[in-house]
>>> print(open('data_23.csv').read())   # CSV, C-alpha atoms
chain,number,residue,atom,x,y,z
L,537,MET,CA,14.8,-7.5,9.2
L,538,LEU,CA,14.8,-10.2,11.9
L,539,ALA,CA,11.6,-8.5,13.2
L,540,PHE,CA,9.9,-9.5,9.9
L,541,ARG,CA,10.9,-13.1,10.3
L,542,LYS,CA,9.5,-13.2,13.8
L,543,PHE,CA,6.3,-11.5,12.5
L,544,ILE,CA,5.8,-14.2,9.8
L,545,GLU,CA,6.5,-16.9,12.4
L,546,ARG,CA,3.5,-15.7,14.4
L,547,TYR,CA,1.3,-17.1,11.5
L,548,ALA,CA,3.3,-19.9,9.9
L,549,GLY,CA,6.3,-22.1,10.4
L,550,LEU,CA,9.4,-20.9,8.4
L,551,SER,CA,12.5,-22.8,7.4
L,552,ASP,CA,15.8,-21.1,6.9
L,553,THR,CA,15.6,-21.8,3.2
L,554,ASP,CA,12.2,-20.2,2.9
L,555,TRP,CA,13.3,-17.2,4.9
L,556,GLN,CA,16.3,-16.7,2.6
L,557,ILE,CA,14.0,-16.6,-0.4
L,558,ILE,CA,11.6,-14.2,1.3
L,559,GLN,CA,14.3,-11.9,2.6
L,560,GLN,CA,15.9,-11.6,-0.9
L,561,ALA,CA,12.6,-10.3,-2.3
L,562,PHE,CA,12.5,-7.3,0.1
L,563,GLU,CA,14.4,-4.1,0.2
L,564,ARG,CA,14.7,-1.5,3.0
L,565,ASN,CA,13.2,2.0,2.8
L,566,GLU,CA,12.7,4.9,5.2
L,567,PHE,CA,10.2,7.7,5.5
L,568,ALA,CA,10.5,10.9,7.6
L,569,ARG,CA,7.9,12.0,10.1
L,570,ASN,CA,4.8,13.2,8.2
L,571,GLU,CA,6.1,12.0,4.9
L,572,ILE,CA,3.4,10.7,2.5
L,573,ILE,CA,4.2,7.1,1.6
L,574,LEU,CA,1.3,6.8,-0.9
L,575,SER,CA,-0.9,9.6,-2.4
L,576,GLU,CA,-4.5,8.9,-3.4
L,577,GLY,CA,-4.6,8.5,-7.2
L,578,ASN,CA,-1.1,7.0,-7.5
L,579,ILE,CA,-0.5,3.2,-7.8
L,580,CYS,CA,0.7,1.5,-4.7
L,581,LYS,CA,3.8,-0.4,-6.0
L,582,TYR,CA,4.7,-2.3,-2.8
L,583,PHE,CA,3.7,-4.6,-0.1
L,584,TYR,CA,5.4,-3.5,3.0
L,585,PHE,CA,6.6,-4.8,6.4
L,586,LEU,CA,6.5,-1.9,8.9
L,587,GLU,CA,9.5,-2.5,11.0
L,588,GLU,CA,9.4,0.8,12.9
L,589,GLY,CA,7.0,3.6,13.0
L,590,LEU,CA,3.3,4.6,12.9
L,591,LEU,CA,1.1,5.0,9.9
L,592,ARG,CA,-2.2,6.7,9.1
L,593,TYR,CA,-4.5,5.8,6.2
L,594,TYR,CA,-6.8,8.6,5.1
L,595,ILE,CA,-9.0,9.9,2.3
L,596,LEU,CA,-9.9,13.5,1.2
L,597,GLN,CA,-13.6,14.0,0.8
L,598,ASP,CA,-15.2,17.4,0.1
L,599,GLY,CA,-12.0,19.1,1.4
L,600,ASN,CA,-12.1,17.0,4.6
L,601,ASP,CA,-9.2,14.8,5.6
L,602,ILE,CA,-10.8,11.6,7.0
L,603,THR,CA,-8.7,9.0,8.9
L,604,LYS,CA,-9.6,5.4,8.0
L,605,PHE,CA,-7.0,3.4,10.1
L,606,PHE,CA,-3.8,3.6,12.0
L,607,THR,CA,-1.1,0.9,11.7
L,608,SER,CA,1.8,0.5,14.2
L,609,ALA,CA,4.9,-1.5,13.9
L,610,PRO,CA,5.5,-4.4,13.7
L,611,TYR,CA,2.8,-5.1,11.0
L,612,CYS,CA,2.4,-5.5,7.3
L,613,PHE,CA,0.6,-3.0,5.1
L,614,THR,CA,-0.2,-1.9,1.5
L,615,SER,CA,-3.1,-0.2,-0.2
L,616,LYS,CA,-4.6,-3.6,-1.1
L,617,ASN,CA,-6.8,-3.0,-4.1
L,618,SER,CA,-4.3,-0.6,-5.7
L,619,PHE,CA,-1.4,-3.0,-5.1
L,620,ARG,CA,-3.1,-6.1,-6.2
L,621,GLU,CA,-4.7,-4.6,-9.4
L,622,GLN,CA,-2.0,-2.0,-10.0
L,623,LYS,CA,-4.6,0.7,-10.3
L,624,PRO,CA,-4.8,4.2,-8.7
L,625,ALA,CA,-5.2,4.1,-4.9
L,626,ARG,CA,-8.4,5.5,-3.3
L,627,GLU,CA,-6.5,6.4,-0.1
L,628,SER,CA,-3.3,7.9,1.1
L,629,ILE,CA,-0.8,6.6,3.6
L,630,GLN,CA,1.2,8.9,5.8
L,631,ALA,CA,4.1,8.2,8.2
L,632,LEU,CA,3.2,9.9,11.5
L,633,GLU,CA,6.7,9.3,12.8
L,634,LYS,CA,10.1,8.2,11.4
L,635,THR,CA,9.3,4.9,9.7
L,636,VAL,CA,11.4,2.0,8.5
L,637,VAL,CA,9.9,-0.5,6.1
L,638,TRP,CA,10.8,-3.5,4.0
L,639,GLN,CA,9.1,-3.4,0.7
L,640,THR,CA,8.5,-5.8,-2.2
L,641,THR,CA,6.7,-5.8,-5.6
L,642,LEU,CA,3.5,-7.5,-6.7
L,643,LYS,CA,5.6,-9.8,-9.0
L,644,HIS,CA,7.6,-10.9,-6.0
L,645,THR,CA,4.6,-11.5,-3.7
L,646,ASN,CA,3.0,-13.6,-6.4
L,647,ASP,CA,6.2,-15.7,-6.8
L,648,LEU,CA,6.4,-16.1,-3.1
L,649,LEU,CA,3.0,-17.7,-3.0
L,650,GLU,CA,4.7,-20.9,-4.3
L,651,LEU,CA,6.3,-21.2,-0.8
L,652,LYS,CA,3.9,-22.9,1.6
L,653,SER,CA,5.1,-20.8,4.5
L,654,TRP,CA,4.4,-17.5,2.7
L,655,ASN,CA,1.1,-18.8,1.3
L,656,THR,CA,0.0,-19.7,4.8
L,657,PHE,CA,1.3,-16.5,6.3
L,658,THR,CA,-0.6,-14.2,3.8
L,659,ARG,CA,-3.8,-16.2,4.2
L,660,LYS,CA,-3.8,-16.0,7.9
L,661,PHE,CA,-2.7,-12.4,7.9
L,662,ILE,CA,-5.5,-11.3,5.6
L,663,HIS,CA,-8.0,-13.2,7.8
L,664,GLU,CA,-6.7,-11.2,10.8
L,665,VAL,CA,-7.0,-7.9,8.9
L,666,GLN,CA,-10.5,-8.9,7.9
L,667,SER,CA,-11.5,-9.7,11.5
L,668,TYR,CA,-10.1,-6.4,12.7
L,669,THR,CA,-12.0,-4.4,10.0
L,670,GLU,CA,-15.2,-6.2,10.9
L,671,GLU,CA,-14.7,-5.5,14.5
L,672,LEU,CA,-14.2,-1.8,13.8
L,673,LEU,CA,-17.4,-1.8,11.6
L,674,LEU,CA,-19.4,-3.5,14.4
L,675,GLU,CA,-18.1,-1.0,17.0
L,676,SER,CA,-19.1,1.9,14.8
L,677,LYS,CA,-22.6,0.5,14.9
L,678,THR,CA,-22.8,-0.5,18.6
L,679,GLU,CA,-20.4,1.6,20.7
L,680,THR,CA,-20.3,5.3,21.6
L,681,ALA,CA,-17.3,7.3,20.6
L,682,GLU,CA,-16.3,7.5,24.2
L,683,ARG,CA,-16.3,3.7,24.6
L,684,ARG,CA,-14.3,3.4,21.3
L,685,TYR,CA,-11.8,5.9,22.5
L,686,GLU,CA,-11.3,4.0,25.7
L,687,LYS,CA,-10.7,0.8,23.8
L,688,LEU,CA,-8.1,2.5,21.6
L,689,MET,CA,-6.4,3.8,24.8
L,690,LYS,CA,-6.2,0.2,26.1
L,691,LEU,CA,-4.9,-1.2,22.8
L,692,TYR,CA,-2.3,1.5,22.1
L,693,PRO,CA,-1.5,3.2,25.4
L,694,ASN,CA,1.7,4.8,24.1
L,695,LEU,CA,0.4,5.6,20.7
L,696,LEU,CA,-2.3,8.0,21.4
L,697,GLN,CA,0.0,10.8,22.4
L,698,LYS,CA,1.7,10.6,19.0
L,699,ILE,CA,-1.5,11.0,17.0
L,700,PRO,CA,-2.8,14.5,16.5
L,701,LEU,CA,-6.3,15.1,18.0
L,702,LYS,CA,-7.8,15.9,14.6
L,703,HIS,CA,-6.8,12.6,13.1
L,704,LEU,CA,-8.1,10.7,16.2
L,705,SER,CA,-11.4,12.5,16.1
L,706,SER,CA,-12.0,11.9,12.3
L,707,PHE,CA,-11.1,8.2,12.9
L,708,LEU,CA,-13.8,8.1,15.6
L,709,GLY,CA,-16.2,10.0,13.4
L,710,ILE,CA,-16.7,12.9,15.8
L,711,ALA,CA,-15.7,16.6,16.0
L,712,PRO,CA,-12.3,17.4,17.6
L,713,GLN,CA,-14.2,19.4,20.2
L,714,SER,CA,-16.2,16.3,21.1
L,715,LEU,CA,-13.0,14.3,21.5
L,716,SER,CA,-11.6,17.0,23.8
L,717,ARG,CA,-14.7,16.7,26.0
L,718,ILE,CA,-14.4,12.9,26.1
L,719,ARG,CA,-10.7,13.2,27.1
L,720,LYS,CA,-11.5,15.6,29.9
L,721,LYS,CA,-14.3,13.3,31.1
L,722,ILE,CA,-12.0,10.3,31.1
L,723,ILE,CA,-9.2,12.2,33.0
L,724,LYS,CA,-11.8,13.3,35.6
L,725,LYS,CA,-13.0,9.6,36.0
L,726,GLN,CA,-9.4,8.5,36.5
L,727,ASN,CA,-8.7,11.1,39.3
D,163,MET,CA,-23.9,-27.4,-7.3
D,164,LEU,CA,-22.9,-26.1,-10.8
D,165,ALA,CA,-23.5,-22.6,-9.5
D,166,PHE,CA,-20.7,-23.2,-7.0
D,167,ARG,CA,-18.3,-24.3,-9.7
D,168,LYS,CA,-19.1,-21.1,-11.6
D,169,PHE,CA,-18.6,-19.1,-8.5
D,170,ILE,CA,-15.1,-20.5,-7.8
D,171,GLU,CA,-14.2,-19.9,-11.5
D,172,ARG,CA,-14.8,-16.2,-11.0
D,173,TYR,CA,-11.7,-16.3,-8.9
D,174,ALA,CA,-9.5,-19.1,-10.1
D,175,GLY,CA,-9.0,-21.6,-12.9
D,176,LEU,CA,-10.5,-25.0,-12.1
D,177,SER,CA,-9.8,-28.4,-13.7
D,178,ASP,CA,-12.4,-31.2,-13.8
D,179,THR,CA,-10.2,-33.2,-11.4
D,180,ASP,CA,-10.0,-30.4,-8.8
D,181,TRP,CA,-13.7,-29.8,-9.1
D,182,GLN,CA,-14.4,-33.5,-8.4
D,183,ILE,CA,-12.3,-33.3,-5.3
D,184,ILE,CA,-14.0,-30.0,-4.1
D,185,GLN,CA,-17.5,-31.3,-4.9
D,186,GLN,CA,-17.0,-34.4,-2.8
D,187,ALA,CA,-16.1,-32.4,0.2
D,188,PHE,CA,-19.5,-30.6,0.3
D,189,GLU,CA,-22.9,-31.7,1.2
D,190,ARG,CA,-26.3,-30.0,0.5
D,191,ASN,CA,-28.5,-28.5,3.2
D,192,GLU,CA,-31.6,-26.4,3.4
D,193,PHE,CA,-33.0,-23.8,5.8
D,194,ALA,CA,-36.6,-22.5,6.0
D,195,ARG,CA,-37.5,-18.8,5.9
D,196,ASN,CA,-36.4,-17.1,9.2
D,197,GLU,CA,-34.6,-20.3,10.4
D,198,ILE,CA,-31.4,-19.6,12.4
D,199,ILE,CA,-28.4,-21.2,10.7
D,200,LEU,CA,-26.0,-20.3,13.5
D,201,SER,CA,-26.8,-19.0,17.1
D,202,GLU,CA,-24.3,-16.7,18.9
D,203,GLY,CA,-22.4,-18.8,21.5
D,204,ASN,CA,-22.5,-22.0,19.3
D,205,ILE,CA,-19.5,-23.2,17.2
D,206,CYS,CA,-19.8,-22.6,13.5
D,207,LYS,CA,-19.1,-26.1,12.1
D,208,TYR,CA,-19.2,-25.3,8.4
D,209,PHE,CA,-18.0,-23.2,5.6
D,210,TYR,CA,-20.9,-22.7,3.2
D,211,PHE,CA,-21.7,-21.9,-0.4
D,212,LEU,CA,-25.0,-20.0,-0.5
D,213,GLU,CA,-26.7,-21.4,-3.7
D,214,GLU,CA,-30.1,-19.9,-3.1
D,215,GLY,CA,-31.4,-17.4,-0.5
D,216,LEU,CA,-30.7,-14.4,1.6
D,217,LEU,CA,-28.9,-14.2,4.9
D,218,ARG,CA,-28.6,-11.8,7.8
D,219,TYR,CA,-25.7,-11.6,10.3
D,220,TYR,CA,-26.7,-10.1,13.6
D,221,ILE,CA,-25.7,-9.7,17.2
D,222,LEU,CA,-27.8,-9.1,20.3
D,223,GLN,CA,-26.5,-6.3,22.5
D,224,ASP,CA,-28.4,-5.0,25.6
D,225,GLY,CA,-31.5,-6.6,24.3
D,226,ASN,CA,-31.1,-4.9,20.8
D,227,ASP,CA,-30.9,-7.0,17.7
D,228,ILE,CA,-28.2,-5.3,15.5
D,229,THR,CA,-27.8,-6.3,11.9
D,230,LYS,CA,-24.1,-6.5,10.8
D,231,PHE,CA,-24.4,-7.7,7.2
D,232,PHE,CA,-26.6,-9.2,4.5
D,233,THR,CA,-25.4,-11.9,2.1
D,234,SER,CA,-27.3,-12.9,-1.0
D,235,ALA,CA,-26.8,-15.9,-3.3
D,236,PRO,CA,-24.5,-16.8,-4.9
D,237,TYR,CA,-21.8,-16.2,-2.3
D,238,CYS,CA,-19.7,-18.1,0.3
D,239,PHE,CA,-20.2,-17.5,4.0
D,240,THR,CA,-19.3,-18.7,7.5
D,241,SER,CA,-18.8,-17.2,10.9
D,242,LYS,CA,-15.1,-16.8,10.2
D,243,ASN,CA,-13.4,-16.7,13.7
D,244,SER,CA,-15.7,-19.3,15.1
D,245,PHE,CA,-15.2,-21.7,12.1
D,246,ARG,CA,-11.5,-21.3,11.9
D,247,GLU,CA,-10.8,-21.6,15.6
D,248,GLN,CA,-13.8,-23.8,16.4
D,249,LYS,CA,-14.8,-21.5,19.3
D,250,PRO,CA,-18.2,-20.0,20.2
D,251,ALA,CA,-19.5,-17.5,17.6
D,252,ARG,CA,-20.0,-13.9,18.5
D,253,GLU,CA,-22.8,-13.5,16.0
D,254,SER,CA,-25.9,-15.3,14.6
D,255,ILE,CA,-26.8,-16.0,11.1
D,256,GLN,CA,-30.4,-16.2,9.9
D,257,ALA,CA,-32.0,-17.2,6.6
D,258,LEU,CA,-34.4,-14.4,5.6
D,259,GLU,CA,-35.9,-16.6,2.9
D,260,LYS,CA,-35.8,-20.3,1.9
D,261,THR,CA,-32.1,-21.1,1.6
D,262,VAL,CA,-30.1,-23.8,-0.1
D,263,VAL,CA,-26.4,-24.2,0.9
D,264,TRP,CA,-23.5,-26.6,0.3
D,265,GLN,CA,-21.5,-27.0,3.4
D,266,THR,CA,-18.1,-28.5,4.4
D,267,THR,CA,-16.0,-28.9,7.5
D,268,LEU,CA,-12.8,-27.2,8.7
D,269,LYS,CA,-10.9,-30.4,8.2
D,270,HIS,CA,-12.0,-30.5,4.5
D,271,THR,CA,-11.3,-26.8,3.9
D,272,ASN,CA,-7.8,-27.3,5.3
D,273,ASP,CA,-7.2,-30.4,3.1
D,274,LEU,CA,-8.5,-28.5,0.0
D,275,LEU,CA,-5.8,-25.9,0.5
D,276,GLU,CA,-3.4,-28.4,-1.1
D,277,LEU,CA,-5.3,-27.8,-4.4
D,278,LYS,CA,-3.8,-24.7,-6.1
D,279,SER,CA,-7.3,-23.8,-7.5
D,280,TRP,CA,-8.9,-23.9,-4.0
D,281,ASN,CA,-6.0,-22.1,-2.4
D,282,THR,CA,-6.2,-19.3,-5.0
D,283,PHE,CA,-10.0,-19.1,-4.7
D,284,THR,CA,-10.0,-18.7,-1.0
D,285,ARG,CA,-7.2,-16.1,-1.0
D,286,LYS,CA,-8.9,-14.0,-3.6
D,287,PHE,CA,-12.3,-14.4,-2.0
D,288,ILE,CA,-11.1,-13.3,1.5
D,289,HIS,CA,-9.5,-10.3,-0.2
D,290,GLU,CA,-12.8,-9.4,-1.7
D,291,VAL,CA,-14.6,-9.8,1.6
D,292,GLN,CA,-12.0,-7.6,3.2
D,293,SER,CA,-12.4,-4.9,0.6
D,294,TYR,CA,-16.2,-4.9,1.0
D,295,THR,CA,-15.9,-4.7,4.8
D,296,GLU,CA,-13.4,-1.8,4.5
D,297,GLU,CA,-15.8,0.0,2.1
D,298,LEU,CA,-18.7,-0.4,4.5
D,299,LEU,CA,-16.5,1.0,7.3
D,300,LEU,CA,-15.4,4.0,5.3
D,301,GLU,CA,-19.0,4.7,4.2
D,302,SER,CA,-20.1,4.6,7.9
D,303,LYS,CA,-17.6,7.4,8.5
D,304,THR,CA,-18.2,9.5,5.4
D,305,GLU,CA,-21.7,9.0,4.1
D,306,THR,CA,-25.1,9.9,5.4
D,307,ALA,CA,-27.7,7.1,6.1
D,308,GLU,CA,-29.7,8.4,3.2
D,309,ARG,CA,-26.7,8.0,0.8
D,310,ARG,CA,-25.9,4.6,2.1
D,311,TYR,CA,-29.5,3.5,1.7
D,312,GLU,CA,-29.5,4.7,-1.9
D,313,LYS,CA,-26.3,2.7,-2.6
D,314,LEU,CA,-27.9,-0.4,-1.1
D,315,MET,CA,-30.9,0.1,-3.4
D,316,LYS,CA,-28.6,0.3,-6.4
D,317,LEU,CA,-26.6,-2.8,-5.4
D,318,TYR,CA,-29.6,-5.0,-4.5
D,319,PRO,CA,-32.7,-3.5,-6.2
D,320,ASN,CA,-34.8,-6.7,-5.7
D,321,LEU,CA,-33.5,-7.5,-2.3
D,322,LEU,CA,-34.6,-4.6,-0.3
D,323,GLN,CA,-38.3,-5.5,-0.4
D,324,LYS,CA,-37.4,-8.8,1.2
D,325,ILE,CA,-35.6,-7.4,4.2
D,326,PRO,CA,-37.8,-6.2,7.1
D,327,LEU,CA,-37.4,-2.4,7.8
D,328,LYS,CA,-36.1,-3.0,11.4
D,329,HIS,CA,-33.1,-5.0,10.0
D,330,LEU,CA,-32.3,-2.5,7.3
D,331,SER,CA,-32.4,0.4,9.8
D,332,SER,CA,-30.1,-1.3,12.4
D,333,PHE,CA,-27.7,-2.2,9.5
D,334,LEU,CA,-27.6,1.5,8.6
D,335,GLY,CA,-27.3,2.4,12.3
D,336,ILE,CA,-30.5,4.5,12.4
D,337,ALA,CA,-34.0,4.3,14.0
D,338,PRO,CA,-36.7,2.6,11.9
D,339,GLN,CA,-38.6,5.9,11.9
D,340,SER,CA,-35.6,7.7,10.3
D,341,LEU,CA,-35.5,5.0,7.6
D,342,SER,CA,-39.2,5.5,6.9
D,343,ARG,CA,-38.6,9.2,6.5
D,344,ILE,CA,-35.6,8.5,4.1
D,345,ARG,CA,-37.7,6.1,2.0
D,346,LYS,CA,-40.6,8.7,1.7
D,347,LYS,CA,-38.1,11.3,0.7
D,348,ILE,CA,-36.5,9.1,-2.0
D,349,ILE,CA,-40.0,8.1,-3.4
D,350,LYS,CA,-40.8,11.8,-3.6
D,351,LYS,CA,-37.6,12.5,-5.5
D,352,GLN,CA,-38.3,9.7,-7.9
D,353,ASN,CA,-41.9,11.1,-8.7
>>> encode(input="data_23.csv", output="structure tokens")
Amino acid sequence: MLAFRKFIERYAGLSDTDWQIIQQAFERNEFARNEIILSEGNICKYFYFLEEGLLRYYILQDGNDITKFFTSAPYCFTSKNSFREQKPARESIQALEKTVVWQTTLKHTNDLLELKSWNTFTRKFIHEVQSYTEELLLESKTETAERRYEKLMKLYPNLLQKIPLKHLSSFLGIAPQSLSRIRKKIIKKQN
Amino acid sequence: MLAFRKFIERYAGLSDTDWQIIQQAFERNEFARNEIILSEGNICKYFYFLEEGLLRYYILQDGNDITKFFTSAPYCFTSKNSFREQKPARESIQALEKTVVWQTTLKHTNDLLELKSWNTFTRKFIHEVQSYTEELLLESKTETAERRYEKLMKLYPNLLQKIPLKHLSSFLGIAPQSLSRIRKKIIKKQN
């Protein structure tokens, strides 16, 4: 749980009193490797801090499993629209490895907004997520799949080995065979 | 300016007192058709309410002008990272038609966060922008350019005539010729 305090403090100052209140609103939970944390169509009941593990957001469309994002610890996550409006989610979330989270309810997150520290944290955090999403959108318009794969490798050097090829390729919007070719090309370049 | 009050009230309750304070923090400004509101490399000094007009966000890459988004009135806008951190913008903003804005500085937006109404408004607004960006990203992975163009037509039926073909096609990530073909196909379908 200390990792969560440190995470919040990246965005906002946090007194011991505020931290006590925040801490009490969260409970610990675990998911096994490949377990589904949220299924499309269900309501996302929690806002989570990802203390340990690696997640994949995906949707099913015409029988295809399409990866939207990956999230690696330490980070916060939820299925935003589903959680905030308590309506069925339009995406699923899967643990790609053993995962430890701290979770809290909508009621609690709303109550916590009264704390200036939590209010500032969530505001800055959502700005960061928005910038990241915008960056991905821009890259999808301007960069080749090869270049985007190289960027991913730089960002998450240890992560890529843990993510199955099919998920990485659907995240990049290309066929698994194309990603295999890109990987071979990059290995060749490195040697 | 009343349009701005109405806009905020879509997201948060607003007392007359709070509205007086908010109103005093903003000043009116106008831009001519095709005028550049912000140039890449400059610092975005303002957070804006777009009362009237139509904007295009774009970047220049390898000599190509690539459209990121369009924003139509009434809506709020800024170049977020540049504005929040007062550092050079990585994008430009252009008025595609005569535009009326209300603008305020970073100092003012930070001071206004003390108002619960403004705090709630900005939180909900950024959530909405984030959802919209995520939706565009997902569509870029899962939908054809034709389908995305049809969705744009539904969302902004009166807008598309005002946007030059080259900007629409770079927004969709396709060649202008491909967009012409798509348009002809859709017109055929409609007849």
>>> interface_residues(input="data_23.csv", of="chain L", to="chain D", cutoff="8 Å", atoms="all atoms listed in the file", output="short mmCIF file (atom, residue, chain, number, x, y, z; two decimals) with C-alpha atoms, in the frame of the given file")
data_model
loop_
_atom_site.label_atom_id
_atom_site.label_comp_id
_atom_site.auth_asym_id
_atom_site.auth_seq_id
_atom_site.Cartn_x
_atom_site.Cartn_y
_atom_site.Cartn_z
CA GLN L 597 -13.60 14.00 0.80
CA ILE L 602 -10.80 11.60 7.00
CA LYS L 604 -9.60 5.40 8.00
CA ASN L 617 -6.80 -3.00 -4.10
CA ARG L 659 -3.80 -16.20 4.20
CA ILE L 662 -5.50 -11.30 5.60
CA HIS L 663 -8.00 -13.20 7.80
CA VAL L 665 -7.00 -7.90 8.90
CA GLN L 666 -10.50 -8.90 7.90
CA SER L 667 -11.50 -9.70 11.50
CA THR L 669 -12.00 -4.40 10.00
CA GLU L 670 -15.20 -6.20 10.90
CA LEU L 672 -14.20 -1.80 13.80
CA LEU L 673 -17.40 -1.80 11.60
CA LEU L 674 -19.40 -3.50 14.40
CA SER L 676 -19.10 1.90 14.80
CA LYS L 677 -22.60 0.50 14.90
CA THR L 678 -22.80 -0.50 18.60
CA PHE L 707 -11.10 8.20 12.90
CA GLY L 709 -16.20 10.00 13.40
#
>>> closest_residue(input="data_23.csv", among="D:Ser340, D:Thr240, D:Gln186, D:Thr233", to="Lys328 (chain D)", atoms="all atoms listed in the file")
D:Ser340
>>> residues_around(input="data_23.csv", residues="Glu627 (chain L)", least_positions_apart="3", cutoff="9 Å", atoms="all atoms listed in the file", output="ChimeraX atom specification")
/L:574-577,593-596,604,615
>>> residues_around(input="data_23.csv", residues="Phe287 (chain D)", least_positions_apart="6", cutoff="10 Å", atoms="all atoms listed in the file", output="mmCIF file with C-alpha atoms, in the frame of the given file")
data_model
loop_
_atom_site.group_PDB
_atom_site.id
_atom_site.type_symbol
_atom_site.label_atom_id
_atom_site.label_comp_id
_atom_site.auth_asym_id
_atom_site.auth_seq_id
_atom_site.Cartn_x
_atom_site.Cartn_y
_atom_site.Cartn_z
ATOM 1 C CA ILE D 170 -15.100 -20.500 -7.800
ATOM 2 C CA ARG D 172 -14.800 -16.200 -11.000
ATOM 3 C CA TYR D 173 -11.700 -16.300 -8.900
ATOM 4 C CA ALA D 174 -9.500 -19.100 -10.100
ATOM 5 C CA TYR D 237 -21.800 -16.200 -2.300
ATOM 6 C CA CYS D 238 -19.700 -18.100 0.300
ATOM 7 C CA ASN D 281 -6.000 -22.100 -2.400
ATOM 8 C CA SER D 293 -12.400 -4.900 0.600
#
>>> atom_distance(input="data_23.csv", atom1="CA of Ser254 (chain D)", atom2="CA of Asp224 (chain D)")
15.3 Å
